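final_1.cif follows; it contains mmCIF, C-alpha atoms.
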data_input
#
loop_
_atom_site.label_atom_id
_atom_site.label_comp_id
_atom_site.auth_asym_id
_atom_site.auth_seq_id
_atom_site.Cartn_x
_atom_site.Cartn_y
_atom_site.Cartn_z
CA MET K 14 16.94 -11.16 20.11
CA ALA K 15 19.93 -9.86 18.17
CA ARG K 16 20.99 -13.39 17.23
CA THR K 17 17.49 -14.15 15.96
CA ARG K 18 17.53 -11.00 13.83
CA VAL K 19 20.89 -11.94 12.29
CA ARG K 20 19.72 -15.45 11.52
CA ILE K 21 16.54 -14.21 9.81
CA THR K 22 18.57 -11.78 7.71
CA SER K 23 20.94 -14.58 6.67
CA LEU K 24 18.06 -16.83 5.65
CA LEU K 25 16.51 -14.07 3.57
CA THR K 26 19.81 -13.46 1.79
CA LEU K 27 20.21 -17.19 1.12
CA SER K 28 16.65 -17.44 -0.21
CA ALA K 29 17.22 -14.54 -2.59
CA ALA K 30 20.40 -16.14 -3.90
CA LEU K 31 18.66 -19.46 -4.43
CA ALA K 32 15.80 -17.75 -6.25
CA LEU K 33 18.28 -16.04 -8.56
CA VAL K 34 20.07 -19.30 -9.32
CA THR K 35 16.79 -21.14 -9.85
CA GLY K 36 15.53 -18.41 -12.17
CA CYS K 37 18.65 -18.67 -14.32
CA ALA K 38 18.39 -22.45 -14.41
CA ASP K 39 14.75 -22.62 -15.56
CA GLY K 40 15.11 -19.94 -18.23
CA THR K 41 13.17 -17.22 -16.40
CA GLY K 42 16.03 -15.19 -14.94
CA PRO K 43 17.57 -11.90 -16.08
CA LYS K 44 20.00 -13.59 -18.47
CA ALA K 45 17.18 -15.55 -20.12
CA ALA K 46 15.17 -12.35 -20.51
CA ASP K 47 18.16 -10.59 -22.07
CA ASP K 48 18.71 -13.53 -24.44
CA ALA K 49 15.04 -13.47 -25.47
CA ARG K 50 15.20 -9.74 -26.16
CA ALA K 51 18.38 -10.18 -28.20
CA ALA K 52 16.84 -13.03 -30.20
CA ALA K 53 13.75 -10.97 -30.97
CA LYS K 54 15.90 -8.04 -32.04
CA ASP K 55 17.86 -10.29 -34.41
CA LYS K 56 14.72 -11.42 -36.23
CA PRO K 57 14.18 -9.27 -39.32
CA VAL K 58 11.09 -7.11 -39.73
CA VAL K 59 9.74 -7.87 -43.19
CA VAL K 60 7.15 -5.67 -44.88
CA VAL K 61 5.53 -7.08 -48.02
CA THR K 62 3.11 -5.63 -50.52
CA THR K 63 0.73 -8.63 -50.70
CA THR K 64 0.03 -11.99 -49.09
CA TRP K 65 1.86 -13.64 -51.99
CA GLU K 66 5.17 -12.02 -51.09
CA GLY K 67 4.24 -12.55 -47.44
CA ALA K 68 3.81 -16.29 -47.94
CA LEU K 69 7.22 -16.53 -49.59
CA ALA K 70 8.78 -14.59 -46.71
CA LYS K 71 7.10 -16.84 -44.14
CA ALA K 72 8.19 -19.96 -46.03
CA ALA K 73 11.75 -18.63 -45.96
CA GLY K 74 11.64 -18.37 -42.17
CA ALA K 75 10.55 -14.77 -41.49
CA GLU K 76 8.33 -14.47 -38.41
CA ASP K 77 7.64 -10.73 -38.26
CA VAL K 78 5.82 -10.14 -41.55
CA LYS K 79 3.58 -7.13 -42.21
CA VAL K 80 1.32 -7.11 -45.30
CA ILE K 81 0.34 -3.83 -46.95
CA VAL K 82 -2.45 -4.84 -49.35
CA PRO K 83 -5.42 -6.47 -47.55
CA GLN K 84 -6.20 -10.00 -48.71
CA SER K 85 -9.78 -8.86 -49.37
CA VAL K 86 -8.60 -6.71 -52.30
CA HIS K 87 -9.49 -8.85 -55.31
CA HIS K 88 -6.94 -7.32 -57.69
CA ALA K 89 -3.94 -6.35 -55.56
CA PRO K 90 -2.27 -4.06 -58.15
CA ASP K 91 -5.31 -1.74 -57.93
CA TYR K 92 -4.60 -0.93 -54.28
CA ASP K 93 -3.45 2.58 -53.38
CA PRO K 94 -1.15 2.45 -50.32
CA LYS K 95 -2.23 4.66 -47.41
CA PRO K 96 0.16 6.87 -45.38
CA SER K 97 0.04 4.28 -42.57
CA ASP K 98 1.17 1.60 -45.04
CA LEU K 99 4.12 3.69 -46.13
CA ALA K 100 5.02 4.43 -42.50
CA ALA K 101 5.29 0.68 -41.85
CA VAL K 102 7.66 0.36 -44.81
CA ALA K 103 10.02 2.89 -43.25
CA GLU K 104 10.46 0.68 -40.16
CA ALA K 105 11.31 -2.50 -42.08
CA ASP K 106 14.57 -4.38 -42.38
CA PHE K 107 13.41 -5.88 -45.68
CA VAL K 108 10.71 -4.71 -48.09
CA LEU K 109 9.41 -7.24 -50.61
CA TYR K 110 7.56 -6.15 -53.75
CA ALA K 111 6.91 -7.28 -57.32
CA PRO K 112 8.02 -5.12 -60.26
CA PHE K 113 4.60 -5.27 -61.96
CA GLU K 114 2.87 -3.66 -58.97
CA PRO K 115 2.09 -0.03 -59.90
CA TYR K 116 2.77 1.21 -56.37
CA ALA K 117 6.33 -0.16 -56.41
CA ALA K 118 7.71 3.36 -56.90
CA LYS K 119 5.90 4.61 -53.76
CA ILE K 120 7.20 1.64 -51.79
CA LYS K 121 10.78 2.34 -52.87
CA GLU K 122 10.46 6.00 -51.94
CA ALA K 123 8.99 5.23 -48.51
CA ALA K 124 11.59 2.63 -47.56
CA GLY K 125 13.89 3.78 -44.77
CA SER K 126 17.61 4.13 -45.28
CA GLY K 127 18.17 0.89 -43.36
CA ALA K 128 15.60 -1.15 -45.30
CA ARG K 129 16.69 -3.48 -48.06
CA LEU K 130 14.40 -3.53 -51.08
CA VAL K 131 13.89 -7.02 -52.50
CA GLU K 132 12.23 -7.56 -55.88
CA VAL K 133 10.33 -10.85 -55.82
CA ASP K 134 9.41 -13.05 -58.77
CA LEU K 135 5.76 -13.90 -58.15
CA ASP K 136 5.16 -17.20 -59.88
CA ASN K 137 3.74 -20.36 -58.32
CA ASP K 138 5.77 -22.57 -60.61
CA PRO K 139 7.33 -25.00 -58.08
CA ALA K 140 10.92 -24.56 -59.29
CA LYS K 141 10.63 -20.77 -59.04
CA VAL K 142 9.05 -20.99 -55.60
CA ARG K 143 11.89 -23.16 -54.30
CA ALA K 144 14.48 -20.77 -55.73
CA GLU K 145 12.75 -17.70 -54.28
CA VAL K 146 12.37 -19.23 -50.81
CA GLY K 147 16.03 -20.28 -50.82
CA GLU K 148 17.22 -16.79 -51.80
CA LEU K 149 15.05 -15.10 -49.18
CA GLY K 150 16.24 -17.52 -46.50
CA ALA K 151 19.83 -16.56 -47.32
CA LEU K 152 18.95 -12.85 -47.08
CA PHE K 153 17.10 -13.23 -43.77
CA GLY K 154 19.70 -15.53 -42.22
CA THR K 155 17.04 -18.25 -41.87
CA GLU K 156 18.47 -20.84 -44.25
CA ASP K 157 17.60 -23.80 -41.99
CA ALA K 158 13.92 -22.80 -41.83
CA ALA K 159 13.83 -22.28 -45.60
CA THR K 160 15.40 -25.68 -46.25
CA LYS K 161 12.92 -27.37 -43.92
CA TRP K 162 9.98 -25.65 -45.64
CA LYS K 163 11.18 -26.65 -49.10
CA ALA K 164 11.40 -30.29 -48.03
CA GLY K 165 7.81 -30.17 -46.77
CA PHE K 166 6.73 -28.38 -49.93
CA ASP K 167 8.24 -31.06 -52.16
CA THR K 168 6.45 -33.80 -50.24
CA GLU K 169 3.07 -32.05 -50.37
CA TYR K 170 3.42 -31.00 -54.00
CA ASP K 171 4.24 -34.56 -55.09
CA ARG K 172 1.22 -35.84 -53.16
CA LEU K 173 -1.12 -33.30 -54.78
CA ASN K 174 0.34 -33.95 -58.23
CA LYS K 175 -0.35 -37.68 -57.96
CA ASP K 176 -3.79 -37.02 -56.47
CA VAL K 177 -4.87 -34.80 -59.37
CA GLN K 178 -3.41 -37.12 -61.99
CA GLY K 179 -5.39 -39.93 -60.40
CA ALA K 180 -8.54 -37.97 -61.31
CA TRP K 181 -7.78 -37.77 -65.05
CA PRO K 182 -10.92 -38.72 -67.01
CA GLY K 183 -10.28 -42.15 -68.53
CA GLY K 184 -6.73 -42.04 -67.18
CA LYS K 185 -5.69 -39.58 -69.89
CA ALA K 186 -4.06 -36.18 -69.30
CA PRO K 187 -6.55 -33.39 -70.05
CA SER K 188 -5.88 -30.73 -72.67
CA VAL K 189 -6.10 -27.22 -71.23
CA VAL K 190 -6.02 -23.58 -72.25
CA SER K 191 -4.50 -21.46 -69.51
CA GLN K 192 -4.18 -17.81 -68.61
CA VAL K 193 -0.47 -16.96 -68.71
CA PHE K 194 -0.24 -16.59 -64.92
CA THR K 195 -1.93 -19.91 -64.10
CA THR K 196 0.11 -22.35 -66.18
CA TRP K 197 1.62 -23.61 -62.91
CA ALA K 198 -1.77 -25.20 -62.18
CA ALA K 199 -1.60 -27.05 -65.49
CA THR K 200 1.79 -28.41 -64.40
CA LEU K 201 0.30 -29.48 -61.07
CA ALA K 202 -2.41 -31.36 -62.97
CA GLY K 203 0.06 -32.94 -65.39
CA ALA K 204 -2.12 -31.48 -68.15
CA THR K 205 -1.21 -30.75 -71.75
CA VAL K 206 -1.24 -26.99 -72.40
CA ALA K 207 -2.85 -26.48 -75.82
CA GLY K 208 -2.62 -22.67 -75.66
CA THR K 209 -2.43 -19.62 -73.43
CA TYR K 210 -4.09 -16.22 -73.29
CA GLY K 211 -3.87 -12.90 -71.45
CA PRO K 212 -3.20 -10.89 -69.53
CA GLU K 213 -5.16 -8.83 -72.08
CA ALA K 214 -8.74 -9.79 -72.95
CA VAL K 215 -9.14 -12.55 -75.54
CA THR K 216 -9.63 -11.18 -79.05
CA PRO K 217 -12.05 -12.77 -81.56
CA ALA K 218 -9.08 -14.20 -83.46
CA GLN K 219 -7.64 -15.74 -80.28
CA LEU K 220 -11.06 -17.07 -79.35
CA ALA K 221 -11.34 -18.91 -82.65
CA GLU K 222 -7.79 -20.24 -82.41
CA LEU K 223 -8.12 -21.46 -78.81
CA SER K 224 -11.55 -22.98 -79.37
CA ALA K 225 -10.14 -24.96 -82.28
CA LYS K 226 -7.75 -26.65 -79.85
CA GLN K 227 -10.82 -28.28 -78.24
CA PRO K 228 -9.53 -28.12 -74.67
CA SER K 229 -11.40 -29.88 -71.90
CA LEU K 230 -10.41 -27.26 -69.31
CA VAL K 231 -9.77 -23.52 -69.22
CA LEU K 232 -7.59 -22.41 -66.31
CA ASP K 233 -8.57 -18.81 -65.62
CA ASN K 234 -6.84 -16.35 -63.29
CA ALA K 235 -9.33 -15.59 -60.51
CA HIS K 236 -7.67 -12.24 -59.88
CA MET K 237 -7.88 -11.04 -63.49
CA SER K 238 -10.95 -12.80 -64.82
CA THR K 239 -12.96 -11.30 -67.69
CA GLY K 240 -15.73 -13.85 -67.47
CA THR K 241 -16.15 -17.03 -69.48
CA VAL K 242 -13.14 -17.28 -71.77
CA LEU K 243 -14.35 -19.85 -74.33
CA PRO K 244 -18.14 -19.67 -73.96
CA ASP K 245 -19.10 -22.01 -76.80
CA SER K 246 -16.26 -24.51 -76.62
CA GLY K 247 -17.77 -26.85 -74.04
CA ALA K 248 -14.61 -26.55 -71.94
CA GLU K 249 -14.98 -26.48 -68.15
CA GLN K 250 -13.54 -23.24 -66.73
CA VAL K 251 -11.57 -23.44 -63.48
CA ASP K 252 -10.79 -20.36 -61.40
CA ILE K 253 -7.21 -20.57 -60.15
CA VAL K 254 -6.26 -18.47 -57.11
CA ASN K 255 -2.65 -17.25 -56.93
CA TYR K 256 -2.69 -15.34 -53.65
CA PRO K 257 -2.73 -17.12 -50.26
CA GLY K 258 -4.95 -16.02 -47.38
CA ASP K 259 -4.11 -13.97 -44.31
CA ASP K 260 -2.41 -16.99 -42.76
CA LEU K 261 0.31 -16.66 -45.45
CA ASP K 262 0.22 -20.40 -46.12
CA LEU K 263 1.52 -20.83 -49.66
CA LEU K 264 0.68 -24.54 -49.70
CA SER K 265 -3.02 -23.68 -49.39
CA VAL K 266 -2.85 -22.24 -52.93
CA TYR K 267 -1.79 -25.62 -54.33
CA ARG K 268 -4.33 -27.53 -52.25
CA ASN K 269 -7.11 -25.24 -53.44
CA ALA K 270 -6.04 -25.62 -57.08
CA ALA K 271 -5.92 -29.41 -56.74
CA THR K 272 -9.45 -29.46 -55.28
CA GLU K 273 -10.86 -27.26 -58.05
CA LEU K 274 -9.13 -29.25 -60.79
CA LYS K 275 -10.49 -32.53 -59.48
CA LYS K 276 -13.99 -31.07 -59.32
CA ALA K 277 -13.73 -29.90 -62.91
CA MET K 278 -12.61 -33.36 -63.99
CA GLY K 279 -15.58 -34.92 -62.25
CA THR K 280 -13.94 -36.06 -59.01
CA SER K 281 -14.75 -34.47 -55.65
#

Can I see the file as structure tokens?
Amino acid sequence: MARTRVRITSLLTLSAALALVTGCADGTGPKAADDARAAAKDKPVVVVTTTWEGALAKAAGAEDVKVIVPQSVHHAPDYDPKPSDLAAVAEADFVLYAPFEPYAAKIKEAAGSGARLVEVDLDNDPAKVRAEVGELGALFGTEDAATKWKAGFDTEYDRLNKDVQGAWPGGKAPSVVSQVFTTWAATLAGATVAGTYGPEAVTPAQLAELSAKQPSLVLDNAHMSTGTVLPDSGAEQVDIVNYPGDDLDLLSVYRNAATELKKAMGTS
């Protein structure tokens, strides 16, 4: 009986050792768990004011991104941050904001001593987007992810650019009047910018001047629209959206603009 008891004990010890070795080998053991925890800890916590900054952070390789202003807020600068929003800022490694946002001062004040404040240039001009994503990737330590995203962005942007240009009426670049924050959409369309307006409301003098340009399209800022810009000009007005959705997919902004531009030019 004693021998049997010893043998059973030995087998149990051997089984436990094998289980430990197997767990380490398949990535489910204690070391793997420690490595996973360490990797998660190394990933920066990024708090952003809007989905626009959030999309840039995600493109740069950030995975833990918290957005303060809900995407449902039509004009993000009108948002008044709540105490819970400011509490989230205090726990961040990086806080991204735009200088024109009126709550920037509150964000700066709420940022914890360990948080790094990053002022972001919000502009969907492709060159500025590439530069911003590259700089953020360097800050986050996610340069490889940022480089990969930029390569995909270039491919998709070129495709959309050719697609929209293929919809030019009569094969000729359209003449457009654009709100100052949507000129990037004119670039996407390969259009000729005859004039710009905003962000203030168009004055009677500006109305006369812009109408005289006889544009075929008016590219309006969907987030700052004051209605029909050139009501009697015969120009087709296109609402351009600058902010991505809750999925923080910046490319969706360009796809949406391309779709709306093609519709306005008579191509679905």

Exercise. Which one is closest to Val86 (chain K): K:Ser126, K:His236, K:Val266, K:Leu99? Count all atoms listed in the file.
Worked result: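 Checking each candidate against Val86 (chain K), we get K:His236 as the closest.
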
Exercise. For the file shown, what are the residues hit by the PyMOL selection byres ((chain K and resi 278) around 7), laid out as number ranges by chain?
Worked result: K: 180-182, 274-277, 279-280

Might you pull out every residue within 12 Å of Asp167 (chain K), with all atoms listed in the file counted and same-chain residues fewer than 3 positions away left off, and present them as a PDB file with C-alpha atoms, keeping the file's coordinate frame?
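Below is the file around01.pdb, written as the result:
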ATOM      1  CA  PRO K 139       7.330 -25.000 -58.080  1.00  0.00           C
ATOM      2  CA  ALA K 140      10.920 -24.560 -59.290  1.00  0.00           C
ATOM      3  CA  VAL K 142       9.050 -20.990 -55.600  1.00  0.00           C
ATOM      4  CA  ARG K 143      11.890 -23.160 -54.300  1.00  0.00           C
ATOM      5  CA  THR K 160      15.400 -25.680 -46.250  1.00  0.00           C
ATOM      6  CA  LYS K 161      12.920 -27.370 -43.920  1.00  0.00           C
ATOM      7  CA  TRP K 162       9.980 -25.650 -45.640  1.00  0.00           C
ATOM      8  CA  LYS K 163      11.180 -26.650 -49.100  1.00  0.00           C
ATOM      9  CA  ALA K 164      11.400 -30.290 -48.030  1.00  0.00           C
ATOM     10  CA  TYR K 170       3.420 -31.000 -54.000  1.00  0.00           C
ATOM     11  CA  ASP K 171       4.240 -34.560 -55.090  1.00  0.00           C
ATOM     12  CA  ARG K 172       1.220 -35.840 -53.160  1.00  0.00           C
ATOM     13  CA  LEU K 173      -1.120 -33.300 -54.780  1.00  0.00           C
ATOM     14  CA  ASN K 174       0.340 -33.950 -58.230  1.00  0.00           C
ATOM     15  CA  LEU K 264       0.680 -24.540 -49.700  1.00  0.00           C
ATOM     16  CA  TYR K 267      -1.790 -25.620 -54.330  1.00  0.00           C
TER      17      TYR K 267
END

Exercise. So what does the PyMOL selection byres ((chain K and resi 90) around 10) actually pick up in this one, as a list in words?
Worked result: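 For this structure, the PyMOL selection byres ((chain K and resi 90) around 10) captures Thr62, Thr63, Val82, Val86, His87, His88, Ala89, Asp91, Tyr92, Asp93, Ala111, Phe113, Glu114, Pro115, Tyr116, Ala117 and His236 of chain K.
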
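Pairwise distance (CA of Val189 (chain K), CA of Asn137 (chain K)) equals 17.6 Å.
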
Problem set entry | Test item: the PyMOL selection byres ((chain K and resi 248) around 9) resolved as a VMD selection string | chain K and resid 189 224 227 to 231 243 to 247 249 to 250

Problem set entry | Pairwise distance for CA of Val59 (chain K) and CA of Thr168 (chain K), rounded to one decimal in Å |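 These two atoms are separated by 27.1 Å.
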
For this session: Kindly give the distance, in Å, that separates CA of Thr196 (chain K) and CA of Thr216 (chain K), rounded to a single decimal.
Result: 19.6 Å

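Minimum atom-to-atom distance to Thr209 (chain K), evaluated using only C-alpha atoms, belongs to K:Gln192 out of K:Gln192, K:Ala159, K:Ser265, K:Glu222.
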